[in-house]
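Raw contents of query_28.txt, compact mmCIF, C-alpha atoms and all ligand atoms:
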```txt
# COMPACT_ATOMS: atom_id res chain seq x y z
CA MET A 29 -23.43 24.56 9.09
CA PRO A 30 -22.85 24.98 5.37
CA GLY A 31 -25.58 23.10 3.59
CA TYR A 32 -23.33 21.56 0.97
CA LEU A 33 -21.81 19.30 3.64
CA ASP A 34 -25.18 17.60 4.04
CA ARG A 35 -24.16 15.45 1.12
CA ILE A 36 -21.44 13.76 3.19
CA GLY A 37 -22.65 10.49 4.56
CA ALA A 38 -26.11 11.21 3.24
CA GLY A 39 -25.96 8.08 1.11
CA LYS A 40 -29.17 8.42 -0.81
CA ILE A 41 -28.13 5.34 -2.72
CA LEU A 42 -25.06 3.83 -1.08
CA VAL A 43 -25.49 2.13 2.25
CA ASN A 44 -22.12 0.38 2.21
CA LYS A 45 -19.20 1.73 0.21
CA GLU A 46 -16.91 -1.24 0.64
CA PRO A 47 -18.25 -3.52 -2.12
CA ILE A 48 -17.78 -0.75 -4.66
CA SER A 49 -14.02 -0.78 -4.11
CA PHE A 50 -11.83 -2.96 -6.34
CA ASP A 51 -10.11 -4.48 -3.35
CA TRP A 52 -13.25 -5.96 -1.89
CA THR A 53 -13.19 -9.73 -2.15
CA PRO A 54 -16.71 -11.15 -2.42
CA ASN A 55 -17.46 -14.37 -0.54
CA ASN A 56 -18.75 -15.86 -3.75
CA LEU A 57 -17.28 -15.19 -7.15
CA VAL A 58 -19.73 -14.78 -9.97
CA GLY A 59 -19.51 -17.52 -12.59
CA ARG A 60 -16.10 -18.86 -11.69
CA ASP A 61 -17.09 -22.20 -10.12
CA LYS A 62 -15.43 -24.21 -12.84
CA GLU A 63 -12.21 -22.24 -12.59
CA LEU A 64 -12.12 -22.58 -8.81
CA SER A 65 -12.59 -26.35 -9.13
CA GLU A 66 -9.79 -26.50 -11.63
CA LEU A 67 -7.51 -24.68 -9.22
CA ALA A 68 -8.59 -27.03 -6.46
CA SER A 69 -7.65 -30.01 -8.57
CA MET A 70 -4.19 -28.52 -9.16
CA PHE A 71 -3.95 -28.36 -5.37
CA SER A 72 -5.39 -31.79 -4.69
CA HIS A 73 -2.31 -32.91 -2.73
CA ILE A 74 -2.07 -29.85 -0.57
CA GLU A 75 -3.24 -31.56 2.61
CA ASN A 76 -0.17 -33.80 2.58
CA HIS A 77 2.43 -32.21 4.78
CA ASN A 78 5.24 -33.03 2.38
CA SER A 79 3.71 -31.68 -0.74
CA SER A 80 3.84 -28.41 -2.62
CA CYS A 81 1.48 -27.36 -5.37
CA ARG A 82 1.81 -25.02 -8.29
CA ALA A 83 -0.47 -23.13 -10.60
CA VAL A 84 -0.28 -20.44 -13.22
CA ILE A 85 -3.26 -18.15 -13.82
CA THR A 86 -3.40 -16.00 -16.93
CA GLY A 87 -6.11 -13.81 -18.40
CA PRO A 88 -6.75 -10.28 -19.62
CA VAL A 89 -7.17 -7.25 -17.36
CA GLY A 90 -10.28 -7.51 -15.23
CA SER A 91 -10.88 -11.21 -15.84
CA GLY A 92 -10.65 -11.75 -12.10
CA LYS A 93 -7.17 -13.24 -11.74
CA THR A 94 -6.37 -11.39 -8.54
CA VAL A 95 -9.72 -11.94 -6.90
CA LEU A 96 -9.76 -15.60 -7.94
CA SER A 97 -6.37 -16.28 -6.38
CA LYS A 98 -7.35 -14.44 -3.19
CA ARG A 99 -10.69 -16.20 -2.87
CA PHE A 100 -9.01 -19.55 -3.48
CA GLY A 101 -6.25 -18.82 -0.96
CA HIS A 102 -8.66 -17.81 1.79
CA ASP A 103 -11.05 -20.68 1.13
CA LEU A 104 -8.18 -23.16 1.11
CA LEU A 105 -6.80 -21.94 4.43
CA LYS A 106 -10.20 -22.32 6.00
CA HIS A 107 -10.72 -25.73 4.47
CA LEU A 108 -7.43 -27.04 5.86
CA GLU A 109 -7.85 -25.59 9.32
CA GLY A 110 -6.71 -28.14 11.83
CA GLN A 111 -5.09 -30.27 9.12
CA ARG A 112 -2.25 -28.21 7.81
CA LYS A 113 -0.98 -24.84 8.90
CA ILE A 114 -0.74 -22.54 5.90
CA SER A 115 0.20 -18.88 5.57
CA TYR A 116 -1.08 -16.98 2.58
CA SER A 117 1.02 -14.28 1.01
CA HIS A 118 -0.09 -12.23 -1.97
CA VAL A 119 2.64 -10.08 -3.51
CA ASN A 120 1.84 -7.69 -6.33
CA CYS A 121 4.97 -7.46 -8.43
CA ARG A 122 3.86 -4.25 -10.08
CA ASN A 123 4.19 -2.56 -6.68
CA ASN A 124 7.21 -4.65 -5.76
CA PRO A 125 9.02 -5.23 -9.02
CA SER A 126 12.45 -6.35 -7.81
CA THR A 127 13.58 -9.68 -6.39
CA SER A 128 14.56 -8.10 -3.09
CA GLN A 129 11.24 -6.25 -2.77
CA VAL A 130 9.30 -9.45 -3.36
CA LEU A 131 11.37 -11.30 -0.77
CA GLN A 132 10.86 -8.47 1.68
CA GLN A 133 7.09 -8.65 1.20
CA ILE A 134 7.16 -12.39 1.86
CA ALA A 135 9.20 -11.91 5.01
CA ILE A 136 6.83 -9.21 6.23
CA SER A 137 3.80 -11.38 5.58
CA LEU A 138 5.37 -14.19 7.61
CA ASP A 139 6.04 -11.71 10.35
CA SER A 140 9.70 -12.59 10.31
CA GLY A 141 10.59 -8.94 9.89
CA HIS A 142 12.93 -7.63 7.25
CA PRO A 143 15.46 -9.94 5.71
CA GLU A 144 18.97 -9.19 6.94
CA ARG A 145 21.00 -6.92 4.78
CA GLY A 146 23.82 -8.35 2.80
CA LEU A 147 22.19 -11.72 2.23
CA SER A 148 21.83 -13.08 -1.27
CA SER A 149 18.36 -13.93 -2.52
CA GLY A 150 19.21 -17.63 -2.18
CA GLU A 151 20.14 -17.13 1.45
CA ILE A 152 16.99 -15.14 2.18
CA ILE A 153 14.89 -17.89 0.61
CA GLN A 154 16.56 -20.47 2.80
CA SER A 155 15.99 -18.35 5.87
CA ILE A 156 12.31 -18.05 4.93
CA ARG A 157 12.28 -21.83 4.56
CA ARG A 158 13.83 -22.39 8.00
CA ASN A 159 11.27 -20.05 9.51
CA LEU A 160 8.45 -22.03 7.87
CA MET A 161 9.85 -25.40 8.92
CA THR A 162 10.43 -24.30 12.51
CA HIS A 163 6.81 -23.27 12.80
CA ASN A 164 5.56 -26.31 10.91
CA ASN A 165 4.12 -23.85 8.47
CA HIS A 166 3.50 -23.96 4.73
CA LEU A 167 3.54 -20.85 2.56
CA LEU A 168 1.02 -20.35 -0.20
CA LEU A 169 2.65 -17.60 -2.22
CA VAL A 170 0.87 -15.73 -4.99
CA LEU A 171 3.12 -13.67 -7.24
CA ASP A 172 0.60 -11.40 -8.91
CA GLU A 173 1.49 -9.54 -12.13
CA VAL A 174 4.60 -11.68 -12.16
CA ASP A 175 5.44 -10.52 -15.69
CA VAL A 176 6.63 -7.21 -14.22
CA LEU A 177 9.15 -9.06 -12.06
CA VAL A 178 10.25 -11.29 -14.91
CA ARG A 179 10.75 -8.36 -17.25
CA ARG A 180 12.93 -6.69 -14.67
CA ASP A 181 14.83 -9.50 -13.01
CA ASN A 182 14.25 -12.44 -15.28
CA PHE A 183 13.19 -15.86 -13.98
CA ASP A 184 15.85 -16.16 -11.32
CA LEU A 185 13.61 -15.74 -8.27
CA ILE A 186 10.90 -18.03 -9.61
CA TYR A 187 13.48 -20.68 -10.34
CA LYS A 188 14.90 -20.43 -6.85
CA LEU A 189 11.46 -20.55 -5.25
CA LEU A 190 10.57 -23.64 -7.25
CA ARG A 191 13.73 -25.32 -6.00
CA ILE A 192 13.41 -24.20 -2.41
CA ASP A 193 13.25 -27.76 -1.02
CA GLU A 194 15.75 -29.27 -3.41
CA SER A 195 18.29 -31.52 -1.66
CA GLN A 196 16.58 -30.87 1.66
CA GLU A 197 15.38 -33.62 3.92
CA ARG A 198 11.90 -32.23 4.44
CA GLN A 199 9.81 -31.21 1.47
CA GLY A 200 6.70 -29.15 1.12
CA SER A 201 7.59 -25.71 2.40
CA LEU A 202 6.08 -23.61 -0.36
CA SER A 203 3.24 -23.65 -2.89
CA LEU A 204 3.30 -21.13 -5.67
CA ILE A 205 0.65 -19.46 -7.82
CA LEU A 206 1.95 -17.26 -10.62
CA VAL A 207 -0.50 -14.72 -11.99
CA SER A 208 0.07 -12.91 -15.25
CA GLN A 209 -1.95 -10.97 -17.75
CA ASP A 210 0.30 -12.06 -20.52
CA SER A 211 -0.02 -15.65 -21.61
CA MET A 212 2.94 -15.03 -23.93
CA LEU A 213 4.98 -15.03 -20.76
CA LEU A 214 4.53 -18.77 -20.54
CA LYS A 215 6.30 -19.17 -23.83
CA LEU A 216 9.32 -17.43 -22.36
CA PHE A 217 9.60 -19.88 -19.48
CA GLU A 218 12.56 -22.17 -19.70
CA PRO A 219 11.75 -25.88 -19.99
CA ALA A 220 13.19 -26.42 -16.51
CA ILE A 221 10.65 -24.00 -15.07
CA ILE A 222 7.75 -25.40 -17.06
CA SER A 223 8.49 -28.93 -15.91
CA ARG A 224 8.64 -27.78 -12.29
CA LEU A 225 5.43 -25.80 -12.61
CA GLY A 226 3.70 -28.64 -14.36
CA ALA A 227 2.67 -27.99 -17.93
CA SER A 228 -0.96 -28.83 -17.14
CA ASN A 229 -1.22 -26.50 -14.17
CA ILE A 230 -2.24 -23.54 -16.25
CA LEU A 231 -5.58 -21.85 -15.82
CA GLN A 232 -6.51 -19.42 -18.55
CA LEU A 233 -9.31 -17.05 -17.64
CA LYS A 234 -11.54 -15.72 -20.38
CA PRO A 235 -12.84 -12.16 -20.37
CA TYR A 236 -16.37 -11.89 -18.99
CA ASN A 237 -19.35 -11.72 -21.30
CA LYS A 238 -22.22 -9.32 -20.87
CA GLU A 239 -24.21 -11.64 -18.57
CA GLY A 240 -21.19 -12.23 -16.33
CA LEU A 241 -20.55 -8.50 -16.08
CA ILE A 242 -24.19 -7.76 -15.25
CA GLU A 243 -24.07 -10.32 -12.44
CA ILE A 244 -20.81 -8.88 -11.11
CA ALA A 245 -22.36 -5.40 -11.05
CA ARG A 246 -25.56 -6.79 -9.53
CA GLN A 247 -23.71 -8.60 -6.76
CA ARG A 248 -22.09 -5.35 -5.68
CA ALA A 249 -25.18 -3.22 -6.15
CA ASP A 250 -27.22 -5.64 -4.02
CA ILE A 251 -24.84 -5.35 -1.10
CA ALA A 252 -23.83 -1.71 -1.47
CA CYS A 253 -27.03 0.07 -2.48
CA ARG A 254 -30.51 0.69 -1.17
CA SER A 255 -32.97 -1.63 -2.78
CA GLY A 256 -34.68 -0.13 -5.79
CA SER A 257 -31.93 2.42 -6.42
CA ILE A 258 -30.31 0.47 -9.26
CA SER A 259 -32.79 -0.84 -11.80
CA GLU A 260 -32.39 -3.83 -14.09
CA GLU A 261 -32.07 -1.43 -17.00
CA ILE A 262 -29.03 0.22 -15.40
CA LEU A 263 -27.32 -3.12 -14.84
CA GLN A 264 -28.02 -4.13 -18.44
CA LYS A 265 -26.51 -0.92 -19.74
CA ILE A 266 -23.39 -1.31 -17.57
CA GLY A 267 -23.04 -4.90 -18.76
CA THR A 268 -23.35 -3.85 -22.39
CA ILE A 269 -20.70 -1.15 -22.16
CA ALA A 270 -18.27 -3.27 -20.14
CA SER A 271 -18.70 -6.28 -22.42
CA GLU A 272 -16.76 -4.49 -25.14
CA SER A 273 -13.64 -5.25 -23.14
CA GLY A 274 -14.93 -7.98 -20.81
CA ASP A 275 -13.20 -6.16 -17.97
CA ALA A 276 -15.00 -6.57 -14.63
CA ARG A 277 -13.20 -3.54 -13.28
CA LEU A 278 -14.94 -1.40 -15.86
CA ALA A 279 -18.36 -2.67 -14.80
CA ILE A 280 -17.59 -1.79 -11.19
CA GLU A 281 -16.18 1.60 -12.21
CA LEU A 282 -19.31 2.40 -14.19
CA LEU A 283 -21.51 1.40 -11.28
CA ASP A 284 -19.46 3.52 -8.90
CA SER A 285 -19.37 6.64 -11.08
CA SER A 286 -23.06 6.48 -11.91
CA ILE A 287 -23.99 6.17 -8.24
CA ARG A 288 -21.86 9.16 -7.43
CA LYS A 289 -23.39 11.18 -10.20
CA ALA A 290 -26.91 10.35 -9.09
CA GLU A 291 -26.14 11.05 -5.44
CA SER A 292 -24.50 14.38 -6.16
CA ALA A 293 -27.61 15.36 -8.09
CA GLY A 294 -29.51 14.56 -4.90
CA ARG A 295 -31.31 11.57 -6.36
CA GLY A 296 -31.95 8.23 -4.72
CA GLU A 297 -31.99 6.38 -7.99
CA VAL A 298 -29.47 5.96 -10.79
CA LEU A 299 -30.69 7.00 -14.24
CA ILE A 300 -29.35 5.84 -17.60
CA GLY A 301 -27.80 9.26 -18.18
CA ASP A 302 -25.65 8.83 -15.06
CA ILE A 303 -23.66 6.09 -16.72
CA GLU A 304 -20.53 7.57 -18.20
CA GLN A 305 -19.79 6.19 -21.60
CA SER A 306 -16.45 7.95 -21.57
CA SER A 307 -14.93 5.69 -18.99
CA ALA A 308 -15.18 2.86 -21.46
CA ARG A 309 -11.67 1.79 -22.26
CA THR A 310 -10.02 -1.10 -23.96
CA ALA A 311 -8.59 -4.07 -22.13
CA SER A 312 -5.23 -5.66 -22.65
CA ILE A 313 -3.98 -5.82 -26.19
CA GLU A 314 -2.98 -8.60 -28.50
CA PRO A 315 0.66 -8.54 -29.65
CA SER A 316 -0.59 -8.90 -33.23
CA GLN A 317 -1.89 -5.36 -32.92
CA VAL A 318 1.59 -4.04 -33.75
CA ASP A 319 1.46 -5.65 -37.18
CA GLY A 320 -0.99 -3.01 -38.31
CA LEU A 321 1.17 -0.04 -37.29
CA SER A 322 2.94 2.25 -39.73
CA LYS A 323 6.68 1.86 -40.19
CA ASP A 324 7.51 4.85 -37.98
CA GLN A 325 5.18 3.65 -35.26
CA LYS A 326 6.92 0.29 -35.34
CA LEU A 327 10.32 1.97 -35.10
CA ILE A 328 9.12 4.04 -32.13
CA MET A 329 7.65 0.96 -30.45
CA LEU A 330 10.87 -0.97 -30.98
CA GLY A 331 12.89 1.70 -29.23
CA LEU A 332 10.40 1.74 -26.36
CA CYS A 333 10.27 -2.05 -26.05
CA ARG A 334 14.04 -2.40 -25.93
CA ARG A 335 14.23 -0.04 -22.98
CA LEU A 336 11.07 -1.26 -21.23
CA LYS A 337 12.41 -4.80 -21.26
CA LYS A 338 14.87 -3.60 -18.66
CA GLU A 339 13.15 -0.69 -16.99
CA SER A 340 9.61 -0.09 -15.90
CA GLU A 341 9.29 3.30 -17.57
CA ILE A 342 11.02 5.69 -19.94
CA ASN A 343 10.67 9.43 -20.36
CA THR A 344 9.61 10.80 -23.71
CA GLY A 345 12.94 12.54 -24.32
CA ASP A 346 14.78 9.23 -24.11
CA ALA A 347 12.06 7.60 -26.17
CA GLU A 348 12.71 10.04 -29.01
CA LYS A 349 16.48 9.47 -28.82
CA LEU A 350 15.92 5.73 -29.00
CA TYR A 351 13.62 6.22 -31.96
CA HIS A 352 16.44 8.04 -33.77
CA LEU A 353 18.87 5.21 -32.97
CA VAL A 354 16.44 2.62 -34.28
CA CYS A 355 15.89 4.69 -37.44
CA GLU A 356 19.64 4.71 -37.98
CA GLU A 357 19.77 0.97 -37.51
CA TYR A 358 17.01 0.41 -40.08
CA GLU A 359 18.24 3.20 -42.37
CA SER A 360 15.05 5.15 -42.14
CA LYS A 361 14.82 8.94 -41.91
CA PRO A 362 13.36 9.95 -38.52
CA LYS A 363 10.20 12.06 -38.57
CA SER A 364 9.97 15.46 -36.91
CA HIS A 365 9.48 15.99 -33.19
CA THR A 366 5.82 16.92 -33.72
CA THR A 367 5.13 13.82 -35.78
CA PHE A 368 6.88 11.70 -33.16
CA TRP A 369 4.49 13.10 -30.53
CA LYS A 370 1.50 12.50 -32.73
CA HIS A 371 2.52 8.87 -33.10
CA LEU A 372 2.98 8.51 -29.34
CA LYS A 373 -0.59 9.72 -28.81
CA LEU A 374 -1.85 7.24 -31.39
CA LEU A 375 0.04 4.40 -29.74
CA GLU A 376 -1.51 5.42 -26.45
CA ASN A 377 -4.99 5.48 -27.95
CA GLU A 378 -4.39 1.99 -29.27
CA GLY A 379 -3.66 0.88 -25.72
CA LEU A 380 -0.12 -0.18 -26.62
CA ILE A 381 1.50 2.26 -24.23
CA GLU A 382 0.45 4.31 -21.23
CA THR A 383 1.76 7.70 -20.22
CA ARG A 384 1.90 9.59 -16.98
CA ASN A 385 3.00 13.13 -16.22
CA ASP A 386 5.49 13.72 -13.49
CA LYS A 387 4.00 16.66 -11.64
CA SER A 388 6.95 17.01 -9.27
CA ASN A 389 9.01 18.30 -12.14
CA VAL A 390 7.43 21.73 -12.41
CA GLY A 391 9.35 24.59 -13.91
CA ARG A 392 11.31 22.54 -16.38
CA GLY A 393 8.16 21.65 -18.24
CA ARG A 394 6.38 18.46 -17.33
CA THR A 395 8.20 15.24 -17.97
CA GLN A 396 6.09 12.51 -19.42
CA TYR A 397 6.82 8.87 -18.72
CA ILE A 398 5.81 5.94 -20.84
CA THR A 399 4.99 2.48 -19.56
CA MET A 400 3.76 -0.66 -21.22
CA ASN A 401 1.35 -2.44 -18.91
CA ASN A 402 -0.71 -4.46 -21.29
CA VAL A 403 1.88 -6.48 -23.10
CA ALA A 404 5.43 -7.80 -22.55
CA PRO A 405 7.93 -5.50 -24.33
CA ALA A 406 10.34 -8.36 -25.02
CA ASN A 407 7.74 -10.19 -27.08
CA LEU A 408 6.79 -7.11 -29.03
CA ALA A 409 10.42 -6.22 -29.72
CA THR A 410 11.09 -9.59 -31.31
CA ARG A 411 7.87 -9.42 -33.27
CA ILE A 412 8.68 -5.96 -34.64
CA GLU A 413 12.30 -6.87 -35.42
CA ILE A 414 11.23 -9.86 -37.48
CA ASP A 415 8.63 -7.74 -39.22
CA LEU A 416 11.06 -4.93 -40.06
CA GLN A 417 13.64 -7.33 -41.45
CA ARG A 418 11.25 -8.58 -44.07
N1 LIG B 1 -16.19 -13.48 -10.76
C1 LIG B 1 -16.20 -12.35 -10.07
N2 LIG B 1 -17.14 -12.11 -9.13
C2 LIG B 1 -17.15 -10.96 -8.45
N3 LIG B 1 -16.29 -9.97 -8.62
C3 LIG B 1 -15.34 -10.12 -9.56
C4 LIG B 1 -15.25 -11.32 -10.32
N4 LIG B 1 -14.21 -11.21 -11.17
C5 LIG B 1 -13.67 -10.01 -10.96
N5 LIG B 1 -14.33 -9.34 -9.99
C6 LIG B 1 -14.02 -8.01 -9.50
O1 LIG B 1 -13.60 -7.23 -10.61
C7 LIG B 1 -12.46 -6.45 -10.31
C8 LIG B 1 -11.34 -6.84 -11.23
O2 LIG B 1 -10.92 -8.15 -10.93
P1 LIG B 1 -9.38 -8.53 -10.70
O3 LIG B 1 -9.31 -9.80 -9.95
O4 LIG B 1 -8.68 -7.37 -10.10
O5 LIG B 1 -8.95 -8.73 -12.21
P2 LIG B 1 -7.50 -8.98 -12.80
O6 LIG B 1 -6.58 -9.28 -11.65
O7 LIG B 1 -7.66 -10.13 -13.73
O8 LIG B 1 -7.14 -7.72 -13.55
C9 LIG B 1 -12.16 -6.71 -8.86
O9 LIG B 1 -12.71 -5.70 -8.08
C10 LIG B 1 -12.82 -8.04 -8.58
O10 LIG B 1 -13.22 -8.14 -7.23
MG MG B 2 -4.91 -8.31 -10.96
```
Any chance you could put this one into C-alpha cells?
Amino acid sequence: MPGYLDRIGAGKILVNKEPISFDWTPNNLVGRDKELSELASMFSHIENHNSSCRAVITGPVGSGKTVLSKRFGHDLLKHLEGQRKISYSHVNCRNNPSTSQVLQQIAISLDSGHPERGLSSGEIIQSIRRNLMTHNNHLLLVLDEVDVLVRRDNFDLIYKLLRIDESQERQGSLSLILVSQDSMLLKLFEPAIISRLGASNILQLKPYNKEGLIEIARQRADIACRSGSISEEILQKIGTIASESGDARLAIELLDSSIRKAESAGRGEVLIGDIEQSSARTASIEPSQVDGLSKDQKLIMLGLCRRLKKESEINTGDAEKLYHLVCEEYESKPKSHTTFWKHLKLLENEGLIETRNDKSNVGRGRTQYITMNNVAPANLATRIEIDLQR
C-alpha cells in the first residue's frame, strides 16, 4: 500500500466533515435570534389556513440570508406540524435564472413532476395552485438570489406569484420569501408589488462583526474537529481576517483551508501559519464605488452593465465592442486593447466584476466571460449615465 494514501480518512483534526461545508444548516444560528423573531412576526398569521405571508430578506454576501431562510422554513414546518400542512421549496435563482426554470424547480419540489410543455407561466402557476389545494397543502417558497431572476425576466413571475389566489374562492395557497443581496432591488419594485409584499416585511441583515464570525467558526469547529485541535487564538485570527468583509463564508473557508493545511502537514493541531491570508476577499460592493472610477472605467462599466441587465454574462470581445460603442456615444476616444484589459483587471480587483475562463474553448485561445454578481447592473448603468452627463 502506498504510504501517501494513509492520509485519506486519517482525520488528525477533522472528525466530521459535514459542518465545514457551506450547505450545512446548523440547528442553531449564531446571533440571529432577533432576526428570526422578526421573520416569525412577519409570519404571525401563518397558522390560519386562509392566509399567506410574505417577507423580503436582504443583506451582503455571507450575512446568512440563505441559511436564515432555510432554518426558518424548517423550524416553521416543525412548529406547525399537525396544524397546517406546509411544503418548503427553496429555489436558487442564480442556478435557475429563468421564469420557466424556477417554475420547474417548484413543480419538482412538490413532486408534481415537470410542468407540461406549452403552458404559459400563468397556467403553470394555476396548476401548481390546484395541486396545492387538492392536497390541502400550503407552499412556503423561497426565491433566493431573486435579483438574478429579476434582472433576466423582470418582475413578471413575482407579480404572478403574489396574485396567485386573486379572484379565487379559497385563499392562502402560497407564502413567499424573497432573498436578495442587493437592497437597491427593492427600489426597483413597482408600487403594486411593494404593497402586496408589505412595505414593513423587509428584513435587512447586517454583515457579521468579529465576535459573530468567531462564534460561527467556533460552532463548526466544535462539531467538526477533535477537541483541542483548534485553539482560541486560531478562532480569533479567523474572526479578525473575516471581519474585514463580515462574510461568514470567509470565516468557514479559512477554518476549512487551515485544517487541511495542518492535516496535510501531518499535524493534529492548527497553527497560526496555517491560516491563509490570501483567501481574504471583499464582500459585495456599494454602487457608490463606481463614482471613484476613471472616465474610461466608467465607460467600460456602462457597456458591461447595459448587456448584463439582459444577460447573465458577456465575453470580453463583446465587452470591448460595447466599450467602443459607448465611447462613440459619449464622444470619447477609446483606449487601446491593452489598456482596456488593464482596466478590466482593475475593475475585477475592485470586486465590481467577476471573470471566468471557458476552458472548453481550447485552441482558439481561452474565452473569458464577465459577470456582475455583487451589484445590479441596471442600477449601476443609470448611476454612471447620470454621472457621465454632468
Ligand atoms: N448565524 C449563523 N450561524 C451559523 N452559521 C452561519 C450563520 N450565518 C451564516 N452562516 C454560515 O455561513 C455561510 C454563509 O451564509 P449564507 O446563508 O450562505 O449567506 P448569504 O446567503 O447571505 O450569502 C453558510 O455556510 C452559513 O451556514
Ligand atoms: Mg445565499
Residue neighbourhood A:Glu291, 10 Å, only C-alpha atoms, exclusion window fewer than 6 positions, as a ChimeraX atom specification: /A:35,38-42,285,297-298,302
To test the calculation: enclose all listed atoms of ligand LIG 1 (chain B) in a box whose edges run along x, y and z, add 8 Å on each side, then state centre and edge lengths in Å to one decimal, as AutoDock Vina command-line options.
```
--center_x -11.9 --center_y -9.6 --center_z -10.5 --size_x 26.6 --size_y 23.8 --size_z 22.5
```
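Atom C7 of ligand LIG 1 (chain B) is positioned 5.3 Å from atom CA of A:Phe50.
Proximity of A:Asp139, A:Asp275, A:Glu218, A:Glu281 to A:Ser49, computed with all atoms listed in the file, is greatest for A:Glu281.
For the residues A:Cys121, A:Leu96, A:Leu231, A:Leu213, ranking by smallest atom-to-atom distance to A:Met70 using all atoms listed in the file places A:Leu231 first.
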Which residues of stretch 282-339 of chain A sit at most 12 Å from stretch 358-366 of chain A, using all atoms listed in the file? Give each one's shortest atom pair and distance in Å (one decimal place), in chain and ascending residue order, as a tab-separated table.
```
residue	atom	partner	partner_atom	distance
A:Lys323	CA	A:Ser360	CA	9.2
A:Asp324	CA	A:Lys363	CA	7.7
A:Gln325	CA	A:Lys363	CA	10.3
A:Lys326	CA	A:Tyr358	CA	11.1
A:Leu327	CA	A:Tyr358	CA	8.5
A:Ile328	CA	A:Pro362	CA	9.7
A:Leu330	CA	A:Tyr358	CA	11.1
A:Gly331	CA	A:Tyr358	CA	11.7
```
Residues within 9 Å of ligand LIG 1 (chain B), counting all atoms listed in the file, as a ChimeraX atom specification: /A:47-61,86-98,172-173,207-209,233,235-236,240-241,243-245,247-248,275-280
d(atom CA of A:Leu282, atom CA of A:Ala270) in Å: 8.3 Å
Non-local contacts of A:Arg224 (10 Å; all atoms listed in the file; under 4 positions in same chain excluded) as JSON, numbers by chain: {"A": [81, 82, 187, 190, 191, 219, 220]}
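The space separating atom CA of A:Leu214 from atom CA of A:Asn78 comes to 27.0 Å.
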Answer as a PyMOL selection string, residues within 12 Å of (13.9, -9.5, -1.9) using all atoms listed in the file: chain A and resi 119+121+124-136+142-153+155-156+177+181+184-186+189
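Using all atoms listed in the file, the shortest contact distance between ligand MG 2 (chain B) and any of A:Asp346, A:Asp175, A:Glu378, A:Glu197 is found at A:Asp175.
Considering only C-alpha atoms and all ligand atoms, the residue among A:Lys113, A:His371, A:Arg179, A:Arg122 positioned nearest to ligand MG 2 (chain B) is A:Arg122.
Distance annotation: of A:His163, A:Lys62, A:His107, A:Arg246, the residue with the minimal separation from A:Lys265 is A:Arg246; atom set is only C-alpha atoms.
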Polymer residues at most 9 Å from A:Met329, all atoms listed in the file, same-chain spacing of 6 or more positions, as a list in words: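 Skipping anything fewer than 6 positions along the chain leaves Val318, Tyr351, Leu372, Leu375, Leu380, Ile381, Pro405, Leu408, Ala409 and Ile412 of chain A.
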Residue nearest ligand MG 2 (chain B) among A:Ser273, A:Asn120, A:Ser79, A:Asn385 (counting only C-alpha atoms and all ligand atoms):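 Going through A:Ser273, A:Asn120, A:Ser79, A:Asn385 one by one, the smallest distance to ligand MG 2 (chain B) is for A:Asn120.
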Contacts of A:Thr268 at 10 Å or less, counting all atoms listed in the file, minus same-chain residues fewer than 5 places along, as a short mmCIF file (atom, residue, chain, number, x, y, z; two decimals) with C-alpha atoms, in the coordinates of the input?
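Writing the result to around-v1.cif gives the following:
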```cif
data_model
loop_
_atom_site.label_atom_id
_atom_site.label_comp_id
_atom_site.auth_asym_id
_atom_site.auth_seq_id
_atom_site.Cartn_x
_atom_site.Cartn_y
_atom_site.Cartn_z
CA ASN A 237 -19.35 -11.72 -21.30
CA LYS A 238 -22.22 -9.32 -20.87
CA GLU A 239 -24.21 -11.64 -18.57
CA LEU A 241 -20.55 -8.50 -16.08
CA ILE A 242 -24.19 -7.76 -15.25
CA ILE A 262 -29.03 0.22 -15.40
CA LEU A 263 -27.32 -3.12 -14.84
CA SER A 273 -13.64 -5.25 -23.14
CA GLY A 274 -14.93 -7.98 -20.81
CA ALA A 279 -18.36 -2.67 -14.80
#
```
Write a file for stretch 149-177 of chain A of the given structure; include C-alpha atoms and format it as a compact mmCIF listing (two decimals), in the first residue's frame.
```
# COMPACT_ATOMS: atom_id res chain seq x y z
CA SER A 149 -46.26 30.68 -16.77
CA GLY A 150 -49.70 31.81 -15.58
CA GLU A 151 -51.16 28.42 -16.42
CA ILE A 152 -48.33 26.57 -14.69
CA ILE A 153 -48.84 28.68 -11.58
CA GLN A 154 -52.52 27.84 -11.56
CA SER A 155 -51.75 24.16 -11.97
CA ILE A 156 -49.34 24.38 -9.03
CA ARG A 157 -52.14 26.06 -7.09
CA ARG A 158 -54.65 23.32 -7.92
CA ASN A 159 -52.14 20.71 -6.84
CA LEU A 160 -51.67 22.51 -3.51
CA MET A 161 -55.39 22.96 -2.92
CA THR A 162 -56.19 19.33 -3.76
CA HIS A 163 -53.71 18.17 -1.17
CA ASN A 164 -54.75 20.80 1.34
CA ASN A 165 -51.18 21.96 1.18
CA HIS A 166 -49.53 25.36 1.53
CA LEU A 167 -46.29 26.26 -0.22
CA LEU A 168 -43.60 28.24 1.51
CA LEU A 169 -41.49 29.37 -1.42
CA VAL A 170 -38.09 30.99 -1.01
CA LEU A 171 -36.72 32.67 -4.13
CA ASP A 172 -33.07 33.02 -3.24
CA GLU A 173 -30.83 35.46 -5.15
CA VAL A 174 -34.02 36.71 -6.72
CA ASP A 175 -32.19 39.68 -8.24
CA VAL A 176 -30.75 37.32 -10.86
CA LEU A 177 -34.27 36.36 -11.95
```
